[in-house]
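Colleague: One file is attached below, my_file_10.txt, containing compact mmCIF, C-alpha atoms.
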```
# COMPACT_ATOMS: atom_id res chain seq x y z
CA MET A 1 0.00 0.00 0.00
CA SER A 2 1.57 3.28 -1.12
CA ASP A 3 1.61 6.40 1.04
CA ILE A 4 -0.93 9.13 0.25
CA LEU A 5 -0.20 12.81 0.80
CA ILE A 6 -3.30 15.02 0.81
CA ARG A 7 -1.99 18.53 0.18
CA ASN A 8 -3.25 22.10 0.45
CA ILE A 9 -6.30 21.30 2.59
CA ASP A 10 -8.35 24.47 3.04
CA THR A 11 -9.95 23.24 6.27
CA LEU A 12 -9.32 20.00 8.15
CA ILE A 13 -12.08 19.17 10.66
CA THR A 14 -10.26 16.68 12.82
CA MET A 15 -12.92 15.65 15.37
CA ASP A 16 -9.94 14.83 17.58
CA ASP A 17 -10.12 15.11 21.36
CA ASP A 18 -9.66 18.90 21.13
CA ARG A 19 -12.04 19.23 18.13
CA ARG A 20 -9.36 21.15 16.23
CA GLU A 21 -10.04 22.74 12.86
CA LEU A 22 -6.83 23.35 10.92
CA THR A 23 -6.33 25.46 7.82
CA GLY A 24 -3.73 25.22 5.07
CA VAL A 25 -2.38 21.83 6.15
CA ASP A 26 -1.25 18.56 4.58
CA LEU A 27 -2.16 15.05 5.70
CA ARG A 28 -0.04 11.94 5.21
CA LEU A 29 -1.61 8.48 5.19
CA SER A 30 0.70 5.49 5.60
CA GLY A 31 0.16 1.85 6.50
CA GLY A 32 -3.57 2.34 6.96
CA VAL A 33 -3.22 5.14 9.54
CA VAL A 34 -2.80 8.89 9.71
CA ALA A 35 0.97 9.27 9.88
CA GLU A 36 1.50 13.03 9.87
CA ILE A 37 -0.40 16.33 9.90
CA GLY A 38 1.39 19.59 9.16
CA GLN A 39 2.23 22.30 6.70
CA GLY A 40 4.51 21.83 3.71
CA LEU A 41 5.01 18.08 4.21
CA GLU A 42 7.51 16.50 1.82
CA SER A 43 5.86 14.17 -0.67
CA GLY A 44 8.78 11.75 -1.04
CA MET A 45 7.44 8.63 -2.79
CA ALA A 46 3.83 9.28 -1.74
CA GLU A 47 0.98 9.61 -4.20
CA THR A 48 -0.32 13.18 -3.88
CA VAL A 49 -3.92 14.38 -3.83
CA ASP A 50 -4.61 18.12 -4.11
CA ALA A 51 -7.30 19.26 -1.66
CA ARG A 52 -7.20 22.95 -2.53
CA GLY A 53 -10.71 24.40 -2.12
CA CYS A 54 -11.78 21.38 -0.06
CA VAL A 55 -12.85 20.54 3.47
CA VAL A 56 -11.48 17.26 4.84
CA THR A 57 -13.27 15.31 7.56
CA PRO A 58 -13.05 11.88 9.12
CA GLY A 59 -15.04 9.33 7.17
CA LEU A 60 -18.66 9.22 8.32
CA VAL A 61 -19.94 6.24 10.33
CA ASN A 62 -23.30 4.55 9.76
CA THR A 63 -24.54 2.71 12.86
CA HIS A 64 -27.78 1.19 11.51
CA HIS A 65 -28.78 -0.19 8.13
CA HIS A 66 -30.66 -3.05 6.49
CA LEU A 67 -28.72 -3.26 3.25
CA TYR A 68 -30.99 -5.87 1.67
CA GLN A 69 -33.78 -3.29 1.60
CA SER A 70 -31.99 -1.39 -1.17
CA MET A 71 -33.79 -3.88 -3.42
CA THR A 72 -37.23 -2.69 -2.26
CA ARG A 73 -37.42 1.10 -2.37
CA ALA A 74 -40.72 2.93 -2.77
CA VAL A 75 -42.83 -0.23 -2.81
CA PRO A 76 -46.52 0.63 -3.47
CA GLY A 77 -48.66 -0.27 -0.49
CA ALA A 78 -45.80 0.40 1.92
CA GLN A 79 -45.19 4.04 1.02
CA ASP A 80 -47.70 5.47 3.51
CA ALA A 81 -47.85 2.74 6.17
CA LEU A 82 -46.90 2.85 9.84
CA LEU A 83 -44.18 0.50 11.07
CA PHE A 84 -46.18 -2.69 11.72
CA GLY A 85 -48.29 -2.38 8.56
CA TRP A 86 -45.17 -1.50 6.58
CA LEU A 87 -43.49 -4.69 7.78
CA GLN A 88 -46.51 -6.85 6.97
CA LYS A 89 -46.54 -5.53 3.40
CA LEU A 90 -42.83 -6.10 2.83
CA TYR A 91 -42.19 -9.41 4.59
CA PRO A 92 -43.67 -11.54 1.74
CA ILE A 93 -41.52 -9.68 -0.80
CA TRP A 94 -38.35 -10.13 1.23
CA ALA A 95 -39.19 -13.83 1.60
CA ALA A 96 -38.62 -14.22 -2.15
CA MET A 97 -35.04 -12.91 -1.99
CA GLY A 98 -31.95 -15.12 -2.06
CA PRO A 99 -28.14 -14.93 -1.94
CA GLU A 100 -27.81 -12.98 -5.21
CA GLU A 101 -30.32 -10.33 -4.10
CA MET A 102 -28.59 -10.02 -0.73
CA PHE A 103 -25.17 -9.60 -2.32
CA VAL A 104 -26.20 -7.07 -4.96
CA SER A 105 -28.44 -5.00 -2.67
CA ALA A 106 -25.61 -4.80 -0.12
CA GLN A 107 -23.22 -3.61 -2.83
CA VAL A 108 -25.71 -0.92 -3.91
CA GLY A 109 -26.33 0.25 -0.34
CA LEU A 110 -22.64 0.40 0.51
CA ALA A 111 -21.78 2.17 -2.75
CA GLU A 112 -24.43 4.79 -2.00
CA LEU A 113 -23.00 5.25 1.49
CA ALA A 114 -19.47 5.60 0.15
CA LEU A 115 -20.51 8.36 -2.24
CA SER A 116 -22.02 10.22 0.73
CA GLY A 117 -18.73 10.12 2.68
CA CYS A 118 -19.21 6.96 4.75
CA THR A 119 -16.18 4.78 5.48
CA LEU A 120 -17.60 2.47 8.18
CA SER A 121 -21.07 0.93 8.16
CA SER A 122 -22.92 -1.56 10.28
CA ASP A 123 -25.66 -3.76 8.85
CA HIS A 124 -28.55 -5.53 10.56
CA LEU A 125 -29.52 -8.61 8.54
CA TYR A 126 -32.28 -10.48 10.35
CA LEU A 127 -33.82 -12.67 7.62
CA TYR A 128 -32.18 -15.41 5.58
CA PRO A 129 -34.55 -16.70 2.88
CA ASN A 130 -33.66 -19.26 0.24
CA GLY A 131 -30.12 -19.96 1.38
CA ALA A 132 -29.02 -16.36 2.01
CA ARG A 133 -26.28 -15.91 4.62
CA LEU A 134 -24.50 -13.07 6.37
CA ASP A 135 -21.48 -14.05 4.32
CA ASP A 136 -23.21 -12.60 1.22
CA THR A 137 -23.10 -9.06 2.62
CA ILE A 138 -19.56 -9.47 3.95
CA ALA A 139 -18.44 -10.38 0.43
CA ALA A 140 -20.22 -7.29 -0.92
CA ALA A 141 -18.47 -4.99 1.57
CA ARG A 142 -15.11 -6.48 0.64
CA GLU A 143 -15.68 -5.60 -3.03
CA ILE A 144 -16.90 -2.06 -2.34
CA GLY A 145 -14.06 -1.47 0.13
CA LEU A 146 -15.86 -0.12 3.22
CA ARG A 147 -15.07 -1.02 6.79
CA PHE A 148 -17.95 -3.26 7.83
CA HIS A 149 -19.82 -4.26 11.00
CA PRO A 150 -22.39 -6.87 9.91
CA THR A 151 -24.67 -8.21 12.62
CA ARG A 152 -26.23 -11.66 12.60
CA GLY A 153 -29.89 -10.78 13.15
CA ALA A 154 -32.76 -13.17 13.64
CA MET A 155 -36.51 -13.63 13.98
CA SER A 156 -37.99 -16.64 15.77
CA ILE A 157 -41.66 -15.78 16.42
CA GLY A 158 -43.77 -16.14 13.27
CA GLU A 159 -47.41 -15.43 12.56
CA SER A 160 -48.57 -18.82 13.87
CA ASP A 161 -47.10 -17.91 17.28
CA GLY A 162 -48.54 -14.39 17.35
CA GLY A 163 -45.61 -12.62 15.72
CA LEU A 164 -45.51 -10.27 12.73
CA PRO A 165 -43.27 -12.09 10.22
CA PRO A 166 -44.52 -15.01 8.11
CA ASP A 167 -43.41 -18.39 9.41
CA SER A 168 -41.19 -18.84 6.35
CA LEU A 169 -38.89 -16.06 7.60
CA VAL A 170 -38.35 -17.27 11.17
CA GLU A 171 -35.73 -19.73 12.37
CA ARG A 172 -35.31 -22.18 15.23
CA GLU A 173 -33.53 -20.47 18.07
CA ALA A 174 -30.89 -23.20 18.40
CA ASP A 175 -30.08 -22.79 14.69
CA ILE A 176 -29.80 -19.00 15.15
CA LEU A 177 -27.30 -19.30 17.96
CA ASN A 178 -25.26 -21.93 16.12
CA ASP A 179 -25.02 -19.71 13.04
CA CYS A 180 -24.01 -16.75 15.21
CA ILE A 181 -21.09 -18.84 16.43
CA ARG A 182 -20.24 -19.85 12.85
CA VAL A 183 -20.11 -16.32 11.42
CA ILE A 184 -18.20 -14.91 14.40
CA ASP A 185 -15.60 -17.66 14.16
CA ALA A 186 -15.36 -17.22 10.39
CA HIS A 187 -15.31 -13.45 10.04
CA HIS A 188 -14.94 -11.47 13.28
CA ASP A 189 -11.66 -9.59 13.67
CA ALA A 190 -11.11 -8.02 17.09
CA SER A 191 -7.82 -6.34 16.17
CA VAL A 192 -7.35 -2.57 15.95
CA GLY A 193 -8.03 -1.44 12.40
CA ALA A 194 -10.15 -4.49 11.57
CA MET A 195 -12.11 -4.29 8.33
CA VAL A 196 -14.82 -6.71 9.54
CA ARG A 197 -16.35 -7.13 12.98
CA VAL A 198 -19.45 -9.24 13.55
CA GLY A 199 -22.21 -8.56 16.08
CA ILE A 200 -25.28 -10.45 17.31
CA ALA A 201 -28.64 -8.79 16.67
CA PRO A 202 -32.03 -10.39 17.32
CA CYS A 203 -34.38 -8.25 15.26
CA SER A 204 -36.56 -6.78 17.99
CA PRO A 205 -38.27 -7.69 21.26
CA PHE A 206 -41.49 -8.42 19.32
CA SER A 207 -39.93 -10.89 16.87
CA VAL A 208 -37.86 -13.12 19.18
CA SER A 209 -38.41 -14.75 22.55
CA ARG A 210 -37.19 -13.56 25.92
CA ASP A 211 -34.93 -16.64 26.03
CA LEU A 212 -33.26 -15.76 22.73
CA MET A 213 -32.63 -12.18 23.85
CA ARG A 214 -30.98 -13.43 27.02
CA ASP A 215 -29.02 -16.22 25.30
CA ALA A 216 -27.81 -13.81 22.61
CA ALA A 217 -26.43 -11.49 25.29
CA LEU A 218 -24.63 -14.36 27.01
CA LEU A 219 -23.17 -15.60 23.73
CA ALA A 220 -22.03 -12.13 22.65
CA ARG A 221 -20.16 -11.59 25.91
CA ASP A 222 -18.60 -15.04 25.72
CA LYS A 223 -17.38 -14.25 22.19
CA GLY A 224 -16.44 -10.63 22.90
CA VAL A 225 -18.72 -9.13 20.25
CA MET A 226 -21.34 -6.38 20.34
CA LEU A 227 -25.14 -6.59 20.62
CA HIS A 228 -27.70 -4.72 18.54
CA THR A 229 -31.49 -4.58 18.16
CA HIS A 230 -34.40 -2.20 17.56
CA LEU A 231 -35.91 -0.55 20.63
CA ALA A 232 -38.66 1.96 21.47
CA GLU A 233 -39.14 2.88 17.82
CA ASN A 234 -42.72 4.21 18.00
CA GLU A 235 -45.90 4.20 20.08
CA GLU A 236 -46.88 0.74 18.81
CA ASP A 237 -43.56 -0.56 20.08
CA ILE A 238 -44.16 0.88 23.56
CA ALA A 239 -47.73 -0.46 23.68
CA TYR A 240 -46.52 -3.94 22.70
CA SER A 241 -43.87 -3.92 25.41
CA LEU A 242 -46.32 -2.83 28.10
CA ALA A 243 -48.91 -5.41 27.01
CA LYS A 244 -46.58 -8.39 26.51
CA PHE A 245 -43.82 -7.79 29.05
CA GLY A 246 -45.49 -5.53 31.61
CA CYS A 247 -42.73 -2.95 31.38
CA ARG A 248 -41.22 -0.32 29.11
CA PRO A 249 -38.57 -1.30 26.52
CA GLY A 250 -35.65 0.10 28.51
CA GLN A 251 -36.56 -1.97 31.56
CA TYR A 252 -36.99 -5.08 29.39
CA ALA A 253 -33.55 -4.52 27.87
CA GLU A 254 -31.95 -4.08 31.28
CA GLU A 255 -33.54 -7.23 32.69
CA LEU A 256 -32.17 -9.34 29.83
CA GLY A 257 -28.62 -7.99 29.89
CA TRP A 258 -29.09 -5.62 26.96
CA THR A 259 -27.42 -2.54 28.43
CA GLY A 260 -23.75 -1.62 28.54
CA PRO A 261 -20.98 -0.21 26.32
CA ASP A 262 -21.11 -3.36 24.16
CA VAL A 263 -24.78 -2.72 23.24
CA TRP A 264 -26.38 -0.27 20.86
CA HIS A 265 -30.08 0.08 20.08
CA ALA A 266 -31.63 1.47 16.90
CA HIS A 267 -34.13 4.35 16.94
CA CYS A 268 -35.05 4.86 20.64
CA VAL A 269 -37.55 7.51 19.54
CA LYS A 270 -39.78 6.94 22.55
CA LEU A 271 -37.28 6.59 25.39
CA ASP A 272 -38.48 8.37 28.51
CA GLY A 273 -36.32 10.20 31.05
CA ALA A 274 -35.66 7.14 33.19
CA GLU A 275 -34.57 5.13 30.16
CA ILE A 276 -32.28 7.92 28.99
CA ASP A 277 -30.68 7.99 32.44
CA LEU A 278 -30.28 4.19 32.30
CA PHE A 279 -28.53 4.35 28.94
CA ALA A 280 -26.28 7.19 30.09
CA ARG A 281 -25.33 5.38 33.29
CA THR A 282 -24.55 2.11 31.49
CA ARG A 283 -23.00 3.74 28.38
CA THR A 284 -25.53 1.97 26.15
CA GLY A 285 -25.40 3.34 22.61
CA VAL A 286 -28.15 4.62 20.32
CA ALA A 287 -28.33 4.62 16.51
CA HIS A 288 -30.39 7.69 15.58
CA CYS A 289 -32.21 7.32 12.23
CA PRO A 290 -33.98 10.64 11.58
CA CYS A 291 -35.11 10.18 7.96
CA SER A 292 -36.59 6.74 8.59
CA ASN A 293 -38.32 8.02 11.73
CA CYS A 294 -39.87 10.79 9.62
CA ARG A 295 -40.80 8.46 6.76
CA LEU A 296 -42.66 6.04 9.07
CA GLY A 297 -44.12 8.80 11.23
CA SER A 298 -42.44 7.41 14.32
CA GLY A 299 -41.51 10.78 15.80
CA ILE A 300 -38.39 12.75 16.68
CA ALA A 301 -35.90 10.98 18.92
CA PRO A 302 -34.83 12.95 22.04
CA VAL A 303 -31.25 13.28 20.83
CA ARG A 304 -30.67 16.58 22.63
CA ALA A 305 -31.71 15.04 25.94
CA MET A 306 -29.65 11.91 25.25
CA ARG A 307 -26.52 13.88 24.43
CA ASP A 308 -26.93 16.15 27.43
CA ALA A 309 -27.29 13.11 29.70
CA GLY A 310 -24.20 11.44 28.23
CA VAL A 311 -25.79 8.71 26.10
CA PRO A 312 -23.46 7.66 23.23
CA VAL A 313 -25.32 8.56 20.02
CA GLY A 314 -24.41 7.70 16.44
CA LEU A 315 -26.22 8.17 13.15
CA GLY A 316 -27.95 5.60 10.95
CA VAL A 317 -29.64 5.75 7.56
CA ASP A 318 -31.75 2.65 8.36
CA GLY A 319 -32.95 0.43 5.54
CA SER A 320 -33.71 1.90 2.14
CA ALA A 321 -37.29 0.60 2.31
CA SER A 322 -37.99 2.99 5.19
CA ASN A 323 -35.71 5.82 4.09
CA ASP A 324 -35.51 5.30 0.33
CA ALA A 325 -32.00 6.77 0.42
CA GLY A 326 -28.66 5.98 2.02
CA ASN A 327 -27.00 9.39 2.04
CA LEU A 328 -25.26 9.75 5.39
CA ILE A 329 -24.23 13.41 5.08
CA ALA A 330 -27.87 14.25 4.29
CA GLU A 331 -28.90 12.19 7.32
CA ALA A 332 -26.63 14.31 9.51
CA ARG A 333 -28.29 17.48 8.23
CA GLN A 334 -31.73 16.00 8.90
CA SER A 335 -30.69 15.15 12.45
CA MET A 336 -29.62 18.75 13.06
CA LEU A 337 -32.83 20.17 11.59
CA LEU A 338 -35.15 17.90 13.58
CA GLN A 339 -33.51 18.80 16.88
CA ARG A 340 -33.99 22.46 15.99
CA VAL A 341 -37.65 21.88 15.10
CA GLN A 342 -38.18 20.19 18.45
CA ASN A 343 -35.97 22.28 20.72
CA GLY A 344 -35.15 25.59 19.00
CA ALA A 345 -32.63 26.91 16.49
CA ASP A 346 -29.77 26.69 18.98
CA ALA A 347 -30.46 23.07 19.89
CA MET A 348 -27.82 21.55 17.60
CA SER A 349 -25.02 23.14 15.61
CA PRO A 350 -23.80 21.78 12.27
CA ARG A 351 -20.52 20.84 13.91
CA GLU A 352 -22.24 18.82 16.65
CA ALA A 353 -24.33 16.96 14.08
CA LEU A 354 -21.16 16.20 12.10
CA GLU A 355 -19.53 14.97 15.31
CA ILE A 356 -22.43 12.54 15.83
CA ALA A 357 -21.94 11.32 12.26
CA THR A 358 -18.19 10.71 12.74
CA ARG A 359 -16.63 10.07 16.15
CA GLY A 360 -20.06 9.64 17.74
CA GLY A 361 -20.86 6.66 15.53
CA ALA A 362 -17.36 5.24 15.83
CA ASP A 363 -17.63 5.32 19.62
CA VAL A 364 -21.05 3.64 19.55
CA LEU A 365 -19.53 0.80 17.50
CA GLY A 366 -16.55 0.48 19.84
CA ARG A 367 -14.08 1.89 17.29
CA PRO A 368 -12.17 4.77 18.96
CA GLU A 369 -9.50 4.43 16.28
CA CYS A 370 -12.05 5.63 13.70
CA GLY A 371 -14.19 8.74 13.34
CA ARG A 372 -11.44 11.28 13.99
CA VAL A 373 -8.33 12.53 12.18
CA ALA A 374 -5.27 12.34 14.41
CA VAL A 375 -1.84 10.75 14.16
CA GLY A 376 -2.18 7.01 14.75
CA LYS A 377 -5.90 6.87 13.96
CA ARG A 378 -7.16 4.91 10.94
CA ALA A 379 -6.78 6.49 7.52
CA ASP A 380 -10.54 6.81 6.87
CA ILE A 381 -10.80 10.22 5.21
CA ALA A 382 -13.48 12.15 3.30
CA ILE A 383 -12.63 15.08 1.01
CA TRP A 384 -15.46 17.51 0.23
CA ASP A 385 -15.08 20.00 -2.62
CA THR A 386 -16.59 23.29 -1.44
CA ARG A 387 -16.03 25.14 -4.72
CA GLY A 388 -19.38 24.01 -6.14
CA ILE A 389 -22.79 25.67 -6.28
CA GLU A 390 -23.87 24.22 -2.91
CA SER A 391 -21.22 26.20 -1.04
CA ALA A 392 -21.13 29.32 -3.19
CA GLY A 393 -21.37 32.35 -0.90
CA SER A 394 -20.76 30.38 2.29
CA TRP A 395 -18.87 32.34 4.97
CA ASP A 396 -17.98 29.14 6.82
CA PRO A 397 -16.95 26.28 4.50
CA ALA A 398 -16.62 23.97 7.52
CA ALA A 399 -20.36 24.28 8.17
CA LEU A 400 -20.93 21.52 5.63
CA LEU A 401 -24.40 20.66 6.91
CA LEU A 402 -25.64 24.19 6.25
CA ALA A 403 -24.01 24.83 2.87
CA GLY A 404 -21.99 21.95 1.51
CA PRO A 405 -21.95 19.14 -1.03
CA SER A 406 -23.97 15.98 -0.49
CA ARG A 407 -21.54 13.85 -2.50
CA VAL A 408 -17.94 13.31 -1.47
CA ARG A 409 -15.12 14.12 -3.92
CA ASP A 410 -12.61 11.56 -2.64
CA LEU A 411 -12.86 8.84 0.00
CA PHE A 412 -10.13 6.76 1.61
CA VAL A 413 -10.71 3.68 3.77
CA GLU A 414 -7.67 2.26 5.57
CA GLY A 415 -5.65 4.47 3.23
CA ARG A 416 -7.13 2.91 0.07
CA GLN A 417 -9.07 5.12 -2.34
CA VAL A 418 -12.72 4.04 -2.68
CA VAL A 419 -14.10 7.21 -4.32
CA SER A 420 -12.07 9.34 -6.72
CA ASP A 421 -13.33 12.62 -8.17
CA GLY A 422 -16.89 11.76 -7.19
CA GLN A 423 -16.85 8.29 -8.79
CA LEU A 424 -16.64 4.88 -7.16
CA SER A 425 -13.18 3.40 -7.72
CA THR A 426 -13.81 -0.21 -6.76
CA VAL A 427 -16.74 -1.42 -8.90
CA ASP A 428 -18.53 -0.32 -12.06
CA LEU A 429 -21.47 1.62 -10.65
CA GLY A 430 -23.45 1.64 -13.90
CA GLN A 431 -23.32 -2.14 -14.18
CA LEU A 432 -24.22 -2.50 -10.52
CA VAL A 433 -27.31 -0.27 -10.84
CA GLU A 434 -28.41 -2.18 -13.95
CA LYS A 435 -28.10 -5.49 -12.13
CA GLN A 436 -30.02 -4.21 -9.11
CA ASN A 437 -32.87 -2.95 -11.30
CA ARG A 438 -33.04 -6.26 -13.14
CA LEU A 439 -33.21 -8.23 -9.88
CA ALA A 440 -35.80 -5.85 -8.38
CA LYS A 441 -38.00 -6.29 -11.46
CA ARG A 442 -37.71 -10.07 -11.18
CA LEU A 443 -38.58 -9.86 -7.49
CA ALA A 444 -41.69 -7.80 -8.25
CA GLU A 445 -42.80 -10.35 -10.84
CA ARG A 446 -42.41 -13.19 -8.33
CA THR A 447 -44.51 -11.50 -5.68
```
Can the structure in the file be given as C-alpha cells, please?
Modeller:
Amino acid sequence: MSDILIRNIDTLITMDDDRRELTGVDLRLSGGVVAEIGQGLESGMAETVDARGCVVTPGLVNTHHHLYQSMTRAVPGAQDALLFGWLQKLYPIWAAMGPEEMFVSAQVGLAELALSGCTLSSDHLYLYPNGARLDDTIAAAREIGLRFHPTRGAMSIGESDGGLPPDSLVEREADILNDCIRVIDAHHDASVGAMVRVGIAPCSPFSVSRDLMRDAALLARDKGVMLHTHLAENEEDIAYSLAKFGCRPGQYAEELGWTGPDVWHAHCVKLDGAEIDLFARTRTGVAHCPCSNCRLGSGIAPVRAMRDAGVPVGLGVDGSASNDAGNLIAEARQSMLLQRVQNGADAMSPREALEIATRGGADVLGRPECGRVAVGKRADIAIWDTRGIESAGSWDPAALLLAGPSRVRDLFVEGRQVVSDGQLSTVDLGQLVEKQNRLAKRLAERT
C-alpha cells in the first residue's frame, strides 16, 4: 500500500479530542493510519492528492442499516404505512429474496453510502430466505471497500405464534445461535483497524423470545462481540412492550442484559427520562435514524436530551425501504434540523451533528481508532469539494451541513481510495445499478 499525501487542505475538521479545525495543512496516510499532519510536508514517494478548495473530515460512520432493503425502495402499499403495517406488506416480498439479491443490494447500499462520505457501516440482517447468509453481505463490503460491521440478526416468532413475520422467515432459536457462532468464528476480527467485525442482533423484542434475547447477550459476551437490536421505535412498540412484558422497553432490555458499552439500540424515539438515564449510566449506545423516523411517522428521537445526559449517540440511515435513500451526510443534516424543530434553532449546531456522524458513531460501534483525524488513527478520510454551487457564498466552509456538497469528492478507507473525483473506484457503478434494477423487477414479478 503506497503512502498518500493530501496537500493544500483548506480546512481540516479533525474531530480529535480537542475538536481542532486546521487550515492550510497537509495530511499523510501510511500503513492504513494517519501518519502526519502539518504544513509543507515532503511528498517523497507518496501519491499526492490536491485538496485545494476542499474541506477534509473523518469518514462518516453509519450505525444502523438493512442493506438488503436497497432492493425494495418505494414499494406501493408500503409508502404510507406505519411501522407494523409496513413490515406486513414487505415481509412476503423479502421472503422471495436469495443470496444474489442479498449480495447485490448490499453492494448498492454500501456504494451509496461511500458516495455520501461513509467509510464504516454496520448492517442488521435479520432474515435469511432461500439460502441467504450473512457471508453474502460481507463479500459485498469487501468488493466495495468499506469497513464493515455486519450483525447476525434473527426472527424466531412467526405469525402462527402471534408474531408479525410469516413463518417462512423465522428460524429455530438453536439454529440461530449456532449460526451466530459460525459467522463470528469465520469473520470477526477483534484487532485494531479491523475491516470486519461481527455482532449479534435479534431483530426486535417483538420478533424473538425472551430466552433468545438473554441467550444472545450471554453468547455475545462469551465471544467478545457487540449486541444490537431495535428498541422503542414508536408508540406501537411501547404499547406492545407494556402489554406483553409488563414494562417499558428500557426496563426489558436491562432485565435481559441488553445494556452496557457493548450494546447499541436502533431508533429509541420513545425513550423516557428514566430510560435515557439508564442508557447514560450504562453507556448503552443509540443509533439515531432521523429520515426513517420521519418516513414512518415514528416521531423525533430525544437526541438533545440523550446527548446532554451522556448517552453515546451515532447516526444511521436505516434500511432503504424505510428511508428510500442511504445518504449519510444528508442524514446528519436532517438530524440537526429535527432537533432544531423540536428544541429551538440553537439546539444543535452543524458541527455537533457532524460529530455525531463521525466520532459519535465510531464510539457507539466500539471503534475509537475511527471517526477522527489524528496521528495514529485509521486512515478513513473524506474530502469535500466546497467550490461548487452548494457552497457558493458560504462564509464558513466547515459548516458543511448548512451549505456543503452531499456527495464526497474523494474517499479513503484504511488508506485505500474508494471514491475518486466523485466516482466509485472499486466497482462499475453503472453495471451495478443495472443489475439491481433487473433483480428488483424479477422480485416484483415473483410476488
Colleague: What is the distance between CA of His188 (chain A) and CA of Ala95 (chain A), in Å to one decimal?
Modeller: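 These two atoms are separated by 27.0 Å.
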Colleague: Contacts between region 293-315 of chain A and region 163-260 of chain A, please, where a residue of region 163-260 of chain A counts if it comes within 9 Å (with only C-alpha atoms); show its shortest atom pair and distance in Å to one decimal, rows by chain and ascending number, as a tab-separated table.
Modeller:
```
residue	atom	partner	partner_atom	distance
A:Glu233	CA	A:Ser298	CA	6.6
A:Asn234	CA	A:Ser298	CA	4.9
A:Glu235	CA	A:Ser298	CA	7.4
```
Colleague: Between A:Thr57, A:Ser122, A:Gln417, A:Thr48, which one has atoms that come closest to Glu355 (chain A), using all atoms listed in the file?
Modeller: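 Checking each of A:Thr57, A:Ser122, A:Gln417, A:Thr48 against Glu355 (chain A), counting all atoms listed in the file, the winner is A:Thr57.
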Colleague: Which residue, A:Asp17, A:Asp10, A:Glu159, A:Glu36, has the smallest gap to Val56 (chain A) when you use all atoms listed in the file?
Modeller: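 Nearest to Val56 (chain A): A:Asp10.
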Colleague: So which one's closest to His187 (chain A), A:Ala274, A:Ile138, A:Leu400, A:Val373? Using only C-alpha atoms, please.
Modeller: A:Ile138
Colleague: Which is closer to Arg133 (chain A) than all the others in A:Gly31, A:Gly393, A:Gly44, A:Pro150, using all atoms listed in the file?
Modeller: A:Pro150
Colleague: Rank A:Leu22, A:Met15, A:Val418, A:Leu87 by their smallest atom-to-atom distance to Gly163 (chain A), using only C-alpha atoms, and report the top residue only.
Modeller: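 For Gly163 (chain A), the nearest of the given residues is A:Leu87.
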Colleague: Since fewer atoms than expected are present, regenerate all heavy atoms for region 429-433 of chain A and write them as a PDB file, in the frame of the given file.
Modeller:
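Once written, selection_16.pdb looks like this:
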```pdb
ATOM      1  N   LEU A 429     -20.185   1.254 -11.236  1.00  0.00           N
ATOM      2  CA  LEU A 429     -21.470   1.620 -10.650  1.00  0.00           C
ATOM      3  C   LEU A 429     -22.621   1.457 -11.645  1.00  0.00           C
ATOM      4  O   LEU A 429     -23.712   1.023 -11.269  1.00  0.00           O
ATOM      5  CB  LEU A 429     -21.422   3.065 -10.138  1.00  0.00           C
ATOM      6  CG  LEU A 429     -22.585   3.508  -9.248  1.00  0.00           C
ATOM      7  CD1 LEU A 429     -22.682   2.644  -8.006  1.00  0.00           C
ATOM      8  CD2 LEU A 429     -22.431   4.975  -8.854  1.00  0.00           C
ATOM      9  N   GLY A 430     -22.395   1.777 -12.901  1.00  0.00           N
ATOM     10  CA  GLY A 430     -23.450   1.640 -13.900  1.00  0.00           C
ATOM     11  C   GLY A 430     -23.908   0.203 -14.037  1.00  0.00           C
ATOM     12  O   GLY A 430     -25.123  -0.076 -14.087  1.00  0.00           O
ATOM     13  N   GLN A 431     -22.966  -0.728 -14.088  1.00  0.00           N
ATOM     14  CA  GLN A 431     -23.320  -2.140 -14.180  1.00  0.00           C
ATOM     15  C   GLN A 431     -24.038  -2.616 -12.924  1.00  0.00           C
ATOM     16  O   GLN A 431     -24.984  -3.422 -12.994  1.00  0.00           O
ATOM     17  CB  GLN A 431     -22.069  -2.973 -14.422  1.00  0.00           C
ATOM     18  CG  GLN A 431     -21.452  -2.789 -15.795  1.00  0.00           C
ATOM     19  CD  GLN A 431     -20.231  -3.670 -16.003  1.00  0.00           C
ATOM     20  OE1 GLN A 431     -19.908  -4.530 -15.178  1.00  0.00           O
ATOM     21  NE2 GLN A 431     -19.534  -3.460 -17.112  1.00  0.00           N
ATOM     22  N   LEU A 432     -23.597  -2.110 -11.787  1.00  0.00           N
ATOM     23  CA  LEU A 432     -24.220  -2.500 -10.520  1.00  0.00           C
ATOM     24  C   LEU A 432     -25.678  -2.036 -10.460  1.00  0.00           C
ATOM     25  O   LEU A 432     -26.566  -2.799 -10.071  1.00  0.00           O
ATOM     26  CB  LEU A 432     -23.427  -1.916  -9.357  1.00  0.00           C
ATOM     27  CG  LEU A 432     -23.939  -2.212  -7.950  1.00  0.00           C
ATOM     28  CD1 LEU A 432     -24.034  -3.708  -7.699  1.00  0.00           C
ATOM     29  CD2 LEU A 432     -23.037  -1.544  -6.909  1.00  0.00           C
ATOM     30  N   VAL A 433     -25.944  -0.790 -10.842  1.00  0.00           N
ATOM     31  CA  VAL A 433     -27.310  -0.270 -10.840  1.00  0.00           C
ATOM     32  C   VAL A 433     -28.189  -1.068 -11.801  1.00  0.00           C
ATOM     33  O   VAL A 433     -29.340  -1.412 -11.488  1.00  0.00           O
ATOM     34  CB  VAL A 433     -27.313   1.230 -11.205  1.00  0.00           C
ATOM     35  CG1 VAL A 433     -28.729   1.720 -11.458  1.00  0.00           C
ATOM     36  CG2 VAL A 433     -26.658   2.048 -10.096  1.00  0.00           C
TER      37      VAL A 433
END
```
